[in-house]
Structure formats: C-alpha cells, structure tokens
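J.: What follows is the file work.txt, containing compact mmCIF, N, CA and C atoms:
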```txt
# COMPACT_ATOMS: atom_id res chain seq x y z
N MET F 1 -21.64 4.27 1.82
CA MET F 1 -21.22 3.56 0.63
C MET F 1 -19.87 2.91 0.89
N PRO F 2 -19.74 1.61 0.63
CA PRO F 2 -18.47 0.93 0.89
C PRO F 2 -17.38 1.41 -0.06
N THR F 3 -16.15 1.35 0.43
CA THR F 3 -14.99 1.74 -0.35
C THR F 3 -14.71 0.67 -1.40
N SER F 4 -14.42 1.09 -2.63
CA SER F 4 -14.10 0.12 -3.68
C SER F 4 -12.71 -0.47 -3.42
N LYS F 5 -12.43 -1.57 -4.08
CA LYS F 5 -11.12 -2.21 -3.92
C LYS F 5 -10.01 -1.30 -4.43
N LEU F 6 -10.28 -0.59 -5.51
CA LEU F 6 -9.28 0.33 -6.05
C LEU F 6 -8.99 1.45 -5.05
N GLU F 7 -10.03 2.03 -4.47
CA GLU F 7 -9.84 3.09 -3.48
C GLU F 7 -9.06 2.57 -2.28
N LEU F 8 -9.36 1.35 -1.85
CA LEU F 8 -8.66 0.76 -0.72
C LEU F 8 -7.18 0.56 -1.05
N CYS F 9 -6.88 0.07 -2.25
CA CYS F 9 -5.48 -0.12 -2.67
C CYS F 9 -4.74 1.21 -2.70
N ILE F 10 -5.38 2.24 -3.21
CA ILE F 10 -4.76 3.56 -3.26
C ILE F 10 -4.56 4.11 -1.85
N ASP F 11 -5.54 3.92 -0.97
CA ASP F 11 -5.40 4.36 0.42
C ASP F 11 -4.23 3.66 1.12
N ILE F 12 -4.10 2.36 0.88
CA ILE F 12 -3.00 1.59 1.48
C ILE F 12 -1.66 2.12 0.98
N ALA F 13 -1.54 2.25 -0.34
CA ALA F 13 -0.28 2.72 -0.93
C ALA F 13 0.05 4.14 -0.45
N ASN F 14 -0.94 4.99 -0.37
CA ASN F 14 -0.73 6.36 0.07
C ASN F 14 -0.30 6.40 1.54
N SER F 15 -0.91 5.57 2.37
CA SER F 15 -0.53 5.51 3.79
C SER F 15 0.91 5.04 3.94
N LEU F 16 1.31 4.05 3.15
CA LEU F 16 2.68 3.56 3.20
C LEU F 16 3.65 4.62 2.69
N MET F 17 3.24 5.37 1.70
CA MET F 17 4.11 6.43 1.16
C MET F 17 4.32 7.53 2.20
N GLU F 18 3.26 7.91 2.89
CA GLU F 18 3.33 9.01 3.86
C GLU F 18 3.97 8.60 5.18
N SER F 19 3.72 7.37 5.63
CA SER F 19 4.13 6.99 6.98
C SER F 19 5.27 6.00 7.05
N GLY F 20 5.79 5.57 5.92
CA GLY F 20 6.93 4.66 5.94
C GLY F 20 6.53 3.24 6.26
N PRO F 21 7.49 2.40 6.64
CA PRO F 21 7.17 1.00 6.94
C PRO F 21 6.14 0.90 8.07
N LEU F 22 5.09 0.09 7.81
CA LEU F 22 4.02 -0.07 8.80
C LEU F 22 3.68 -1.53 8.99
N THR F 23 3.23 -1.87 10.19
CA THR F 23 2.75 -3.22 10.47
C THR F 23 1.28 -3.30 10.06
N LEU F 24 0.74 -4.49 10.07
CA LEU F 24 -0.67 -4.70 9.74
C LEU F 24 -1.57 -3.92 10.70
N GLU F 25 -1.23 -3.94 11.97
CA GLU F 25 -2.04 -3.24 12.98
C GLU F 25 -2.03 -1.74 12.74
N GLN F 26 -0.87 -1.20 12.41
CA GLN F 26 -0.77 0.24 12.14
C GLN F 26 -1.57 0.61 10.89
N LEU F 27 -1.47 -0.20 9.86
CA LEU F 27 -2.23 0.06 8.64
C LEU F 27 -3.74 -0.04 8.88
N THR F 28 -4.15 -1.00 9.71
CA THR F 28 -5.56 -1.18 10.01
C THR F 28 -6.14 0.09 10.62
N SER F 29 -5.41 0.70 11.53
CA SER F 29 -5.91 1.92 12.16
C SER F 29 -5.86 3.12 11.22
N LEU F 30 -4.87 3.19 10.34
CA LEU F 30 -4.77 4.31 9.40
C LEU F 30 -5.84 4.25 8.31
N VAL F 31 -6.04 3.07 7.75
CA VAL F 31 -6.95 2.91 6.63
C VAL F 31 -8.38 2.71 7.10
N GLU F 32 -8.55 2.30 8.33
CA GLU F 32 -9.86 2.10 8.96
C GLU F 32 -10.72 1.06 8.25
N VAL F 33 -10.13 -0.12 8.05
CA VAL F 33 -10.87 -1.28 7.55
C VAL F 33 -10.50 -2.46 8.45
N ASN F 34 -11.29 -3.53 8.36
CA ASN F 34 -10.97 -4.69 9.21
C ASN F 34 -9.72 -5.38 8.68
N SER F 35 -9.03 -6.04 9.57
CA SER F 35 -7.73 -6.63 9.23
C SER F 35 -7.83 -7.72 8.16
N GLN F 36 -8.95 -8.43 8.12
CA GLN F 36 -9.11 -9.49 7.13
C GLN F 36 -9.16 -8.92 5.71
N SER F 37 -9.92 -7.86 5.51
CA SER F 37 -9.98 -7.20 4.19
C SER F 37 -8.64 -6.59 3.83
N LEU F 38 -8.00 -6.01 4.82
CA LEU F 38 -6.70 -5.38 4.59
C LEU F 38 -5.66 -6.41 4.18
N GLU F 39 -5.64 -7.56 4.86
CA GLU F 39 -4.68 -8.61 4.52
C GLU F 39 -4.86 -9.08 3.08
N LYS F 40 -6.10 -9.22 2.66
CA LYS F 40 -6.39 -9.67 1.30
C LYS F 40 -5.87 -8.66 0.28
N GLN F 41 -6.08 -7.38 0.52
CA GLN F 41 -5.61 -6.35 -0.40
C GLN F 41 -4.08 -6.24 -0.37
N LEU F 42 -3.49 -6.41 0.81
CA LEU F 42 -2.03 -6.37 0.90
C LEU F 42 -1.41 -7.52 0.11
N GLU F 43 -2.01 -8.71 0.17
CA GLU F 43 -1.52 -9.84 -0.62
C GLU F 43 -1.54 -9.50 -2.10
N PHE F 44 -2.64 -8.89 -2.55
CA PHE F 44 -2.75 -8.49 -3.95
C PHE F 44 -1.66 -7.48 -4.31
N LEU F 45 -1.47 -6.47 -3.46
CA LEU F 45 -0.47 -5.43 -3.73
C LEU F 45 0.95 -6.00 -3.73
N VAL F 46 1.22 -6.96 -2.85
CA VAL F 46 2.55 -7.61 -2.83
C VAL F 46 2.73 -8.44 -4.11
N ASP F 47 1.69 -9.17 -4.51
CA ASP F 47 1.76 -9.96 -5.75
C ASP F 47 2.00 -9.08 -6.97
N GLN F 48 1.44 -7.88 -6.96
CA GLN F 48 1.60 -6.95 -8.08
C GLN F 48 2.88 -6.12 -7.97
N GLU F 49 3.67 -6.37 -6.93
CA GLU F 49 4.95 -5.68 -6.68
C GLU F 49 4.77 -4.18 -6.47
N MET F 50 3.63 -3.79 -5.91
CA MET F 50 3.39 -2.40 -5.56
C MET F 50 3.78 -2.12 -4.11
N VAL F 51 3.79 -3.18 -3.31
CA VAL F 51 4.14 -3.11 -1.89
C VAL F 51 5.13 -4.22 -1.59
N LYS F 52 6.09 -3.91 -0.73
CA LYS F 52 7.07 -4.91 -0.30
C LYS F 52 6.72 -5.39 1.10
N LYS F 53 6.78 -6.70 1.28
CA LYS F 53 6.53 -7.31 2.59
C LYS F 53 7.87 -7.71 3.16
N GLU F 54 8.16 -7.24 4.37
CA GLU F 54 9.44 -7.53 5.01
C GLU F 54 9.19 -8.24 6.33
N ASN F 55 9.80 -9.41 6.48
CA ASN F 55 9.67 -10.18 7.72
C ASN F 55 10.74 -9.73 8.70
N THR F 56 10.41 -8.73 9.48
CA THR F 56 11.32 -8.23 10.51
C THR F 56 10.82 -8.74 11.85
N GLU F 57 11.71 -9.10 12.70
CA GLU F 57 11.31 -9.59 14.01
C GLU F 57 10.91 -8.43 14.89
N PRO F 58 9.87 -8.49 15.63
CA PRO F 58 8.92 -9.57 15.78
C PRO F 58 7.72 -9.45 14.85
N ASN F 59 7.65 -8.40 14.03
CA ASN F 59 6.47 -8.16 13.19
C ASN F 59 6.83 -8.18 11.71
N VAL F 60 5.79 -8.32 10.89
CA VAL F 60 5.92 -8.17 9.45
C VAL F 60 5.59 -6.71 9.14
N THR F 61 6.43 -6.08 8.34
CA THR F 61 6.17 -4.69 7.96
C THR F 61 5.98 -4.59 6.45
N TYR F 62 5.27 -3.56 6.05
CA TYR F 62 4.99 -3.32 4.64
C TYR F 62 5.53 -1.96 4.26
N THR F 63 6.13 -1.86 3.07
CA THR F 63 6.64 -0.59 2.56
C THR F 63 6.17 -0.42 1.11
N ILE F 64 6.15 0.81 0.68
CA ILE F 64 5.76 1.09 -0.71
C ILE F 64 6.92 0.73 -1.63
N ALA F 65 6.60 0.17 -2.78
CA ALA F 65 7.61 -0.16 -3.79
C ALA F 65 7.54 0.89 -4.90
N MET F 66 8.55 0.91 -5.75
CA MET F 66 8.60 1.88 -6.84
C MET F 66 7.36 1.79 -7.72
N ARG F 67 6.89 0.60 -7.96
CA ARG F 67 5.69 0.43 -8.79
C ARG F 67 4.47 1.06 -8.11
N GLY F 68 4.40 0.97 -6.79
CA GLY F 68 3.32 1.60 -6.05
C GLY F 68 3.37 3.12 -6.15
N ILE F 69 4.57 3.67 -6.14
CA ILE F 69 4.74 5.12 -6.30
C ILE F 69 4.25 5.55 -7.67
N ARG F 70 4.59 4.77 -8.68
CA ARG F 70 4.14 5.10 -10.04
C ARG F 70 2.62 5.08 -10.15
N VAL F 71 1.98 4.12 -9.49
CA VAL F 71 0.52 4.04 -9.51
C VAL F 71 -0.09 5.26 -8.83
N LEU F 72 0.48 5.68 -7.70
CA LEU F 72 -0.01 6.87 -7.01
C LEU F 72 0.13 8.10 -7.90
N LYS F 73 1.22 8.19 -8.64
CA LYS F 73 1.40 9.32 -9.55
C LYS F 73 0.40 9.26 -10.70
N PHE F 74 0.12 8.06 -11.19
CA PHE F 74 -0.85 7.89 -12.27
C PHE F 74 -2.22 8.40 -11.85
N PHE F 75 -2.62 8.08 -10.62
CA PHE F 75 -3.92 8.52 -10.10
C PHE F 75 -3.86 9.92 -9.50
N LYS F 76 -2.72 10.59 -9.69
CA LYS F 76 -2.51 11.96 -9.24
C LYS F 76 -2.67 12.14 -7.74
N VAL F 77 -2.30 11.10 -7.00
CA VAL F 77 -2.26 11.19 -5.54
C VAL F 77 -0.97 11.88 -5.12
N LEU F 78 0.09 11.68 -5.91
CA LEU F 78 1.38 12.32 -5.69
C LEU F 78 1.65 13.31 -6.82
N PRO F 79 2.40 14.36 -6.53
CA PRO F 79 2.76 15.27 -7.62
C PRO F 79 3.66 14.57 -8.62
N SER F 80 3.56 14.96 -9.85
CA SER F 80 4.36 14.35 -10.91
C SER F 80 5.78 14.85 -10.86
N THR F 81 6.70 13.93 -10.61
CA THR F 81 8.12 14.23 -10.62
C THR F 81 8.81 13.09 -11.33
N ARG F 82 10.01 13.34 -11.77
CA ARG F 82 10.77 12.28 -12.44
C ARG F 82 11.29 11.30 -11.41
N ILE F 83 11.10 10.01 -11.67
CA ILE F 83 11.62 8.97 -10.79
C ILE F 83 12.61 8.12 -11.55
N GLU F 84 13.66 7.78 -10.87
CA GLU F 84 14.66 6.89 -11.44
C GLU F 84 14.21 5.46 -11.19
N ALA F 85 14.19 4.65 -12.22
CA ALA F 85 13.79 3.24 -12.06
C ALA F 85 15.02 2.48 -11.85
```
Could you render the structure from this file as structure tokens?
T.:
Amino acid sequence: MPTSKLELCIDIANSLMESGPLTLEQLTSLVEVNSQSLEKQLEFLVDQEMVKKENTEPNVTYTIAMRGIRVLKFFKVLPSTRIEA
C-alpha cells in the first residue's frame, strides 16, 4: 500500500527532527521514497513554513521549523512539552 501524502510529510518532518539538517540525498535514503516525490513534498512543507530550506554551499539543506515541531506534537509523534514561540 502506498504511503499517503500526510504520512510522507510526517516522516520527513520526523526525520529532520531526529537527524538535524539534511540534504535531499540524505532524506531520500532515510524516508525511502524517490527524490522527485520527496522534492514535491519538501516544496509543500517549505511553503507551509514547517521546514526551512537553507542554501549552504555546496548543497541545499533542510531543517525542521517550529511549525513542523508543533505538527509532530499534534500527531503525537513527539511527546507533549511546552514550546516557546
């Protein structure tokens, strides 16, 4: 059964939360989806301000944003703790 878009977004955010800043190649191997699907979901997550895209030389890296942490807590992927906004 294919992974839903929501599950993929949560997997991406969770991987970024656990492993810190990651490149597209690193995320592709962690999440185990093709890079084209991953890029599309990353664009969505960046547009929604759940993930931050950083242009560092020589690669682009992605990190979790505060909004992404809140979403993970909403879906109970992370334990509920108080976060400062």
J.: For the atom pair atom CA of Thr56 of chain F and atom CA of Asn14 of chain F, what is the interatomic distance in Å to one decimal place?
T.: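 Interatomic distance, atom CA of Thr56 of chain F to atom CA of Asn14 of chain F: 21.6 Å.
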J.: Which residue is closest to Arg70 of chain F? Choose from F:Ser37, F:Glu49, F:Glu25, F:Asn55 and count only C-alpha atoms.
T.: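 Closest residue, counting only C-alpha atoms: F:Glu49.
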J.: Could you write out, as a list in words, all the residues of segment 13-58 of chain F that DSSP marks as helix (DSSP H, G or I)?
T.: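 Matching residues, listed in order: Ala13, Asn14, Ser15, Leu16, Met17, Glu18, Ser19, Leu24, Glu25, Gln26, Leu27, Thr28, Ser29, Leu30, Val31, Ser35, Gln36, Ser37, Leu38, Glu39, Lys40, Gln41, Leu42, Glu43, Phe44, Leu45, Val46 and Asp47 of chain F.
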J.: When you draw a straight line from atom CA of Asn34 of chain F to atom CA of Met50 of chain F, how long is it in Å?
T.: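 Taking atom CA of Asn34 of chain F and atom CA of Met50 of chain F, their separation equals 20.7 Å.
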J.: For atom N of Ala13 of chain F and atom CA of Glu54 of chain F, determine how far apart the two atoms are, in Å to one decimal place.
T.: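 Atom N of Ala13 of chain F sits 15.6 Å away from atom CA of Glu54 of chain F.
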J.: Nearest to Thr63 of chain F: which of F:Ile10, F:Pro21, F:Ser4, F:Glu43 is it, counting only N, CA and C atoms?
T.: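 Selected residue with least distance to Thr63 of chain F: F:Pro21.
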J.: Write out as a list in words each polymer residue whose atoms come within 7 Å of segment 59-61 of chain F, counting only C-alpha atoms; drop sequence neighbours fewer than 6 positions from it.
T.: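 Once the nearby chain positions are removed, what remains is Pro21, Leu22, Thr23 and Lys53 of chain F.
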J.: Output N, CA and C atoms of each residue in that selection to a file, as a PDB file, in the coordinates of the input.
T.:
```
ATOM      1  N   PRO F  21       7.490   2.400   6.640  1.00  0.00           N
ATOM      2  CA  PRO F  21       7.170   1.000   6.940  1.00  0.00           C
ATOM      3  C   PRO F  21       6.140   0.900   8.070  1.00  0.00           C
ATOM      4  N   LEU F  22       5.090   0.090   7.810  1.00  0.00           N
ATOM      5  CA  LEU F  22       4.020  -0.070   8.800  1.00  0.00           C
ATOM      6  C   LEU F  22       3.680  -1.530   8.990  1.00  0.00           C
ATOM      7  N   THR F  23       3.230  -1.870  10.190  1.00  0.00           N
ATOM      8  CA  THR F  23       2.750  -3.220  10.470  1.00  0.00           C
ATOM      9  C   THR F  23       1.280  -3.300  10.060  1.00  0.00           C
ATOM     10  N   LYS F  53       6.780  -6.700   1.280  1.00  0.00           N
ATOM     11  CA  LYS F  53       6.530  -7.310   2.590  1.00  0.00           C
ATOM     12  C   LYS F  53       7.870  -7.710   3.160  1.00  0.00           C
TER      13      LYS F  53
END
```
J.: Among chain F, which ones does DSSP place in strand (DSSP E or B), written as a list in words?
T.: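 After running DSSP on the backbone, chain F has strand (DSSP E or B) at Leu22, Thr23, Val51, Lys52, Lys53, Glu54, Asn55, Val60, Thr61, Tyr62, Thr63 and Ile64 of chain F.
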